[in-house]
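Novice: Have a peek at start.cif (mmCIF, C-alpha atoms).
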data_query
loop_
_atom_site.label_atom_id
_atom_site.label_comp_id
_atom_site.auth_asym_id
_atom_site.auth_seq_id
_atom_site.Cartn_x
_atom_site.Cartn_y
_atom_site.Cartn_z
CA MET S 1 100.53 54.72 82.61
CA ALA S 2 103.75 56.60 83.30
CA ILE S 3 106.75 58.15 81.59
CA TRP S 4 110.27 57.14 82.58
CA ASN S 5 113.11 59.32 81.34
CA LEU S 6 116.79 58.39 81.31
CA GLY S 7 118.03 61.90 80.71
CA SER S 8 120.72 64.45 81.34
CA ILE S 9 120.55 66.97 84.16
CA ASN S 10 122.49 70.17 83.50
CA ILE S 11 122.99 73.50 85.14
CA ASP S 12 122.66 76.14 82.41
CA HIS S 13 124.90 79.20 82.38
CA VAL S 14 123.27 81.55 79.87
CA TYR S 15 125.08 84.52 78.32
CA ARG S 16 123.21 87.04 76.17
CA LEU S 17 125.32 88.49 73.36
CA PRO S 18 124.86 90.94 70.48
CA HIS S 19 125.84 88.10 68.13
CA LEU S 20 127.44 84.66 68.37
CA PRO S 21 131.25 84.99 68.54
CA GLN S 22 133.45 84.20 65.57
CA PRO S 23 136.69 82.20 66.02
CA GLY S 24 139.16 84.32 67.96
CA GLU S 25 136.55 86.95 68.88
CA THR S 26 135.95 88.11 72.46
CA LEU S 27 132.54 89.53 73.35
CA ALA S 28 131.15 91.13 76.51
CA ALA S 29 127.85 89.55 77.56
CA ARG S 30 124.83 91.83 77.89
CA GLY S 31 123.24 89.53 80.45
CA TYR S 32 123.76 86.34 82.46
CA GLY S 33 121.41 83.76 83.96
CA LEU S 34 121.65 80.48 85.86
CA GLY S 35 118.98 77.83 85.43
CA LEU S 36 117.94 74.20 85.11
CA GLY S 37 118.62 72.49 81.81
CA GLY S 38 119.82 69.35 80.07
CA LYS S 39 117.80 67.65 77.35
CA GLY S 40 116.64 65.01 79.81
CA ALA S 41 115.61 67.34 82.60
CA ASN S 42 113.82 69.57 80.10
CA GLN S 43 111.85 66.64 78.70
CA SER S 44 110.93 65.44 82.20
CA VAL S 45 109.73 68.92 83.17
CA ALA S 46 107.66 69.11 79.98
CA ALA S 47 106.10 65.68 80.49
CA ALA S 48 105.29 66.41 84.15
CA ARG S 49 103.85 69.86 83.42
CA ALA S 50 101.75 68.27 80.69
CA GLY S 51 100.14 66.15 83.39
CA SER S 52 101.84 62.75 83.12
CA VAL S 53 103.38 60.77 85.99
CA THR S 54 107.08 61.24 85.23
CA HIS S 55 110.04 59.36 86.75
CA HIS S 56 113.48 60.80 86.06
CA LEU S 57 116.40 58.38 85.77
CA GLY S 58 119.88 59.87 85.67
CA ALA S 59 122.70 61.22 87.80
CA MET S 60 124.08 64.42 89.25
CA GLY S 61 126.80 65.49 91.68
CA ALA S 62 126.49 65.28 95.45
CA GLY S 63 125.84 69.03 95.72
CA ASP S 64 123.55 71.36 93.78
CA ASP S 65 120.48 70.45 95.85
CA TRP S 66 118.59 73.37 94.30
CA VAL S 67 118.52 71.40 91.05
CA LEU S 68 116.76 68.46 92.71
CA ALA S 69 114.37 70.88 94.42
CA ARG S 70 113.45 72.40 91.02
CA LEU S 71 112.72 68.95 89.58
CA ASP S 72 110.60 68.04 92.60
CA ALA S 73 108.72 71.33 92.32
CA ALA S 74 107.90 70.53 88.68
CA GLY S 75 106.16 67.36 89.84
CA ILE S 76 108.88 64.94 88.72
CA ARG S 77 109.55 61.77 90.72
CA THR S 78 113.26 61.98 91.53
CA ALA S 79 113.96 58.95 93.76
CA ALA S 80 115.91 57.19 90.99
CA ILE S 81 118.37 60.04 90.39
CA GLN S 82 121.84 58.83 91.36
CA ARG S 83 123.99 61.21 93.45
CA LEU S 84 127.67 60.76 92.61
CA SER S 85 130.27 62.20 94.98
CA ASP S 86 133.12 61.86 92.46
CA GLN S 87 131.39 63.70 89.60
CA ALA S 88 130.26 67.25 88.91
CA THR S 89 126.66 67.86 87.94
CA GLY S 90 126.51 68.30 84.17
CA HIS S 91 126.48 71.87 82.98
CA ALA S 92 126.11 73.86 79.79
CA ILE S 93 127.44 77.19 78.56
CA ILE S 94 124.69 78.71 76.40
CA LEU S 95 125.31 81.69 74.13
CA LEU S 96 122.22 83.56 72.88
CA ASP S 97 122.30 86.24 70.21
CA ALA S 98 119.87 89.09 69.58
CA GLU S 99 117.81 86.91 67.18
CA ALA S 100 117.37 84.15 69.81
CA GLU S 101 119.75 81.76 68.02
CA ASN S 102 122.11 79.81 70.26
CA ALA S 103 125.44 77.99 70.50
CA ILE S 104 125.97 75.55 73.37
CA VAL S 105 128.96 73.83 75.01
CA ILE S 106 128.20 70.94 77.39
CA HIS S 107 130.27 69.26 80.11
CA PRO S 108 128.48 65.93 80.76
CA GLY S 109 129.86 65.21 84.23
CA ALA S 110 127.63 62.80 86.17
CA ASN S 111 125.40 62.27 83.12
CA ARG S 112 128.07 60.02 81.60
CA ALA S 113 128.82 58.10 84.82
CA ILE S 114 125.46 56.40 85.47
CA ASP S 115 125.60 53.04 87.29
CA ALA S 116 123.94 50.64 84.82
CA ALA S 117 123.23 47.98 87.46
CA ARG S 118 121.36 50.44 89.67
CA LEU S 119 119.57 51.80 86.62
CA ASP S 120 118.25 48.33 85.80
CA ALA S 121 116.96 48.01 89.36
CA ASP S 122 115.30 51.42 89.14
CA LEU S 123 113.53 50.32 85.94
CA ALA S 124 111.97 47.34 87.68
CA GLY S 125 108.77 49.37 88.09
CA ILE S 126 108.31 50.15 84.40
CA ALA S 127 105.23 48.39 83.03
CA PRO S 128 103.60 47.49 79.71
CA GLY S 129 102.05 50.64 78.29
CA ASP S 130 104.62 52.93 79.92
CA LEU S 131 107.02 55.05 77.86
CA LEU S 132 110.79 55.37 78.23
CA LEU S 133 112.39 58.56 76.91
CA LEU S 134 116.06 58.64 75.93
CA GLN S 135 118.48 61.23 74.55
CA ASN S 136 122.18 61.14 73.63
CA GLU S 137 123.49 62.99 76.70
CA THR S 138 123.84 60.08 79.15
CA SER S 139 125.55 56.73 79.46
CA ALA S 140 123.67 53.39 79.67
CA GLN S 141 121.14 54.17 76.93
CA PRO S 142 121.19 50.71 75.24
CA GLU S 143 120.90 48.96 78.61
CA ALA S 144 117.91 51.08 79.63
CA ALA S 145 116.18 50.71 76.26
CA SER S 146 116.65 46.94 76.26
CA ALA S 147 115.32 46.63 79.83
CA ALA S 148 112.29 48.79 79.04
CA ARG S 149 111.33 46.84 75.93
CA ALA S 150 111.81 43.53 77.77
CA ARG S 151 109.23 44.76 80.30
CA GLY S 152 106.72 45.76 77.62
CA ALA S 153 107.29 49.53 77.48
CA ARG S 154 107.69 51.63 74.34
CA VAL S 155 110.88 53.65 73.79
CA ILE S 156 110.99 57.19 72.37
CA TYR S 157 114.55 58.13 71.48
CA SER S 158 115.66 61.70 70.77
CA ALA S 159 118.84 61.09 68.80
CA ALA S 160 120.51 64.34 69.84
CA PRO S 161 123.24 65.38 69.96
CA PHE S 162 123.56 63.19 66.86
CA ASP S 163 126.15 60.41 67.13
CA LEU S 164 125.87 57.56 64.64
CA ALA S 165 127.48 54.93 66.89
CA ALA S 166 125.12 55.80 69.75
CA VAL S 167 122.12 55.70 67.42
CA ARG S 168 123.06 52.28 66.05
CA ALA S 169 123.44 50.87 69.57
CA VAL S 170 119.97 52.00 70.68
CA LEU S 171 117.89 51.56 67.50
CA PRO S 172 117.09 47.83 67.94
CA HIS S 173 115.06 48.76 71.03
CA VAL S 174 113.43 51.99 69.77
CA SER S 175 109.73 52.42 69.01
CA ILE S 176 109.68 56.09 67.95
CA LEU S 177 112.80 57.89 66.73
CA ALA S 178 112.68 61.67 67.27
CA MET S 179 115.05 63.92 65.29
CA ASN S 180 115.28 67.35 63.75
CA GLU S 181 115.63 67.78 59.99
CA GLY S 182 119.41 67.94 60.04
CA GLU S 183 119.75 64.82 62.15
CA ALA S 184 117.28 62.95 59.95
CA ALA S 185 119.34 63.85 56.87
CA GLN S 186 122.52 62.57 58.54
CA LEU S 187 120.82 59.31 59.47
CA ALA S 188 119.40 58.82 55.97
CA ALA S 189 122.88 59.26 54.49
CA ALA S 190 124.41 56.78 56.93
CA MET S 191 121.53 54.26 56.93
CA PRO S 192 119.76 54.38 53.54
CA GLU S 193 118.01 51.13 54.42
CA GLY S 194 116.07 53.01 57.11
CA PRO S 195 116.19 52.91 60.90
CA GLY S 196 113.88 49.92 61.38
CA VAL S 197 111.60 51.59 63.93
CA GLU S 198 107.80 51.92 64.16
CA ALA S 199 107.76 55.64 63.50
CA MET S 200 109.85 58.79 63.15
CA LEU S 201 109.03 62.18 64.66
CA ILE S 202 110.84 64.92 62.72
CA THR S 203 110.78 68.48 64.03
CA LYS S 204 111.41 71.25 61.50
CA GLY S 205 111.39 74.47 63.49
CA ALA S 206 109.22 77.14 61.91
CA LYS S 207 108.06 74.58 59.32
CA GLY S 208 106.37 72.45 61.96
CA ALA S 209 106.76 68.72 62.56
CA ASP S 210 106.03 65.41 60.82
CA TYR S 211 105.17 62.05 62.35
CA ARG S 212 105.91 59.27 59.89
CA ASP S 213 104.42 55.85 60.62
CA LEU S 214 106.92 53.57 58.93
CA ARG S 215 104.62 50.55 59.21
CA THR S 216 101.69 52.06 57.28
CA GLY S 217 103.36 54.93 55.41
CA ALA S 218 100.97 57.47 56.95
CA VAL S 219 102.35 60.96 57.61
CA HIS S 220 100.85 63.42 60.08
CA HIS S 221 101.97 67.04 59.66
CA GLN S 222 101.60 69.73 62.31
CA ALA S 223 102.25 73.33 61.33
CA ALA S 224 104.16 75.57 63.71
CA PHE S 225 102.22 78.32 65.49
CA ARG S 226 103.30 81.89 64.79
CA VAL S 227 104.94 83.58 67.78
CA ASP S 228 107.68 86.14 68.41
CA PRO S 229 110.68 84.11 69.65
CA VAL S 230 112.75 85.22 72.63
CA ASP S 231 114.81 82.07 73.33
CA THR S 232 114.75 78.83 71.32
CA THR S 233 116.72 76.85 73.95
CA GLY S 234 114.77 73.77 75.02
CA ALA S 235 112.02 74.12 72.42
CA GLY S 236 112.68 70.69 70.93
CA ASP S 237 112.78 69.12 74.40
CA THR S 238 109.50 70.79 75.27
CA PHE S 239 107.98 69.37 72.08
CA ALA S 240 109.29 65.86 72.83
CA GLY S 241 108.13 65.84 76.46
CA TYR S 242 104.67 67.12 75.62
CA PHE S 243 104.33 64.73 72.69
CA ALA S 244 105.24 61.78 74.92
CA ALA S 245 102.75 62.98 77.52
CA GLY S 246 100.05 63.21 74.87
CA LEU S 247 100.61 59.58 73.86
CA ASP S 248 100.81 58.55 77.53
CA GLN S 249 97.41 60.16 78.12
CA GLY S 250 95.81 58.35 75.20
CA LEU S 251 95.72 61.14 72.62
CA GLU S 252 95.79 60.32 68.92
CA VAL S 253 99.04 61.20 67.14
CA ALA S 254 97.54 64.31 65.52
CA GLN S 255 96.28 65.55 68.89
CA ALA S 256 99.63 64.88 70.57
CA LEU S 257 101.41 66.78 67.79
CA ARG S 258 99.16 69.81 68.22
CA LEU S 259 99.64 69.77 71.99
CA ALA S 260 103.42 69.53 71.61
CA SER S 261 103.53 72.27 68.99
CA GLY S 262 101.56 74.62 71.23
CA ALA S 263 103.88 73.93 74.16
CA ALA S 264 107.01 74.54 72.06
CA ALA S 265 105.54 77.77 70.66
CA LEU S 266 104.90 79.11 74.14
CA LYS S 267 108.35 78.03 75.31
CA VAL S 268 110.21 80.09 72.69
CA THR S 269 108.44 83.25 73.86
CA ARG S 270 110.22 82.93 77.23
CA ALA S 271 113.87 83.14 78.27
CA GLY S 272 115.40 80.04 79.85
CA ALA S 273 115.23 76.29 79.41
CA GLY S 274 113.56 73.95 81.93
CA ASP S 275 112.32 76.78 84.12
CA ALA S 276 110.53 78.37 81.13
CA ILE S 277 108.52 75.33 79.99
CA PRO S 278 104.79 76.13 80.16
CA THR S 279 102.16 74.30 82.20
CA ARG S 280 99.35 72.29 80.64
CA ALA S 281 96.82 74.96 81.59
CA GLU S 282 98.89 77.60 79.79
CA VAL S 283 99.21 75.41 76.69
CA ASP S 284 95.49 74.61 76.64
CA ALA S 285 94.67 78.32 76.90
CA PHE S 286 97.09 79.11 74.07
CA LEU S 287 95.65 76.40 71.81
CA ALA S 288 92.10 77.55 72.48
CA ASP S 289 92.94 80.76 70.63
CA GLN S 290 94.54 78.99 67.63
CA PRO S 291 92.76 77.78 64.49
CA ILE S 292 92.31 74.03 64.19
#
As structure tokens, please, write out the structure in this file.
Specialist:
Amino acid sequence: MAIWNLGSINIDHVYRLPHLPQPGETLAARGYGLGLGGKGANQSVAAARAGSVTHHLGAMGAGDDWVLARLDAAGIRTAAIQRLSDQATGHAIILLDAEAENAIVIHPGANRAIDAARLDADLAGIAPGDLLLLQNETSAQPEAASAARARGARVIYSAAPFDLAAVRAVLPHVSILAMNEGEAAQLAAAMPEGPGVEAMLITKGAKGADYRDLRTGAVHHQAAFRVDPVDTTGAGDTFAGYFAAGLDQGLEVAQALRLASGAAALKVTRAGAGDAIPTRAEVDAFLADQPI
């Protein structure tokens, strides 16, 4: 089987600060870094490093070839990434405080200019049993989700950044809805009848994660592993990519949750986003030292 990911590709500009700025406040950064990011790229890197065949679907500008080289080096299949001469590659301004909390501003650029017709052609290879990952940082999400389900694939949708209209458009095609606690609360308030999907994956930071099978009512809880955080950027994406890879590789839900939790725990001990996502060997070694 394989994972296909319609996801954002961003260049991350990271500024380290003593604290997050207040309105009207100017701060001098204590450090600066440039790296690969975007919820989509992060999830693809995680899935590939977890050992799954991973195809990235998306778009970037005509330049920034180092970004494509980083994705290739991570083991991601990049042939379906559209190169748009009239768009900038998406980028993010990431502010990190001394406690590893963040505030992020995103310019979507090429991520919001994806050619839906070409995307449908690129999805021709998706097969029954494959997984399609989606997030809310690109265009053409409903079209991709519909095409994937029509071809027998399951769809895992990370509804972030949360946008109710975008969620409603994609939900009819979603198998597993992935959200954090805050996003889940917003959705419950807006859709008290429920999202109508097979299952929900709810990440809760230091409180762990829950997988709720909405068909049977079963709930699987995974506690978070205790680590000293350095940078929480990309932790949720790491969790999602590793969880998808676990399902792709035939793991039971509880096993996939443990794998994903271990990967996210390791990620937050490292500075950076996509470049800091651990390999499967590193995650396996970490989990070998953790209680079951």
Novice: I'd like the contact shell of segment 154-170 of chain S - 8 Å cut-off, only C-alpha atoms, skipping same-chain residues fewer than 5 positions apart - returned as number ranges by chain.
Specialist: S: 128-137, 141-142, 145, 148-149, 175-179, 183, 187, 190, 240, 244
Novice: Which residues would end up in the selection if the PyMOL selection byres ((chain S and resi 94) around 9) were applied here, given that I need the answer as number ranges by chain?
Specialist: S: 12-16, 92-93, 95-96, 102-106, 233
Novice: For Ile292 of chain S, list every protein, DNA or RNA residue within 12 Å, evaluated using only C-alpha atoms, and leave out those in the same chain fewer than 5 positions away; present the list as a PyMOL selection string.
Specialist: chain S and resi 222-225+254-255+258-259+262+287
Novice: So which residues get picked by the PyMOL selection byres ((chain S and resi 113) around 8) here, written as a list in words?
Specialist: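 Checked against the file, the PyMOL selection byres ((chain S and resi 113) around 8) matches Ala59, Gln87, Gly109, Ala110, Asn111, Arg112, Ile114, Asp115, Thr138 and Ser139 of chain S.
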Novice: Once the PyMOL selection byres ((chain S and resi 76) around 8) has been applied to the shown file, what residues remain in the selection, as number ranges by chain?
Specialist: S: 44-45, 48, 53-56, 71-75, 77-78
Novice: Write out as a list in words each polymer residue whose atoms come within 10 Å of segment 61-69 of chain S, counting only C-alpha atoms; drop sequence neighbours fewer than 5 positions from it.
Specialist: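 Answer for this query is Ile9, Asn10, Ile11, Gly35, Leu36, Gly37, Ala41, Ala74, Ile76, Thr78, Ala79, Ile81, Gln82, Arg83, Leu84, Ser85, Asp86, Gln87, Ala88, Thr89, Gly90, Gly109, Ala110 and Asn111 of chain S.
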Novice: Which residue, S:Ala127, S:Gln249, S:Asp228, S:Ala199, has the smallest gap to Thr216 of chain S when you use all atoms listed in the file?
Specialist: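 When distances to Thr216 of chain S are compared using all atoms listed in the file, the smallest one comes from S:Ala199.
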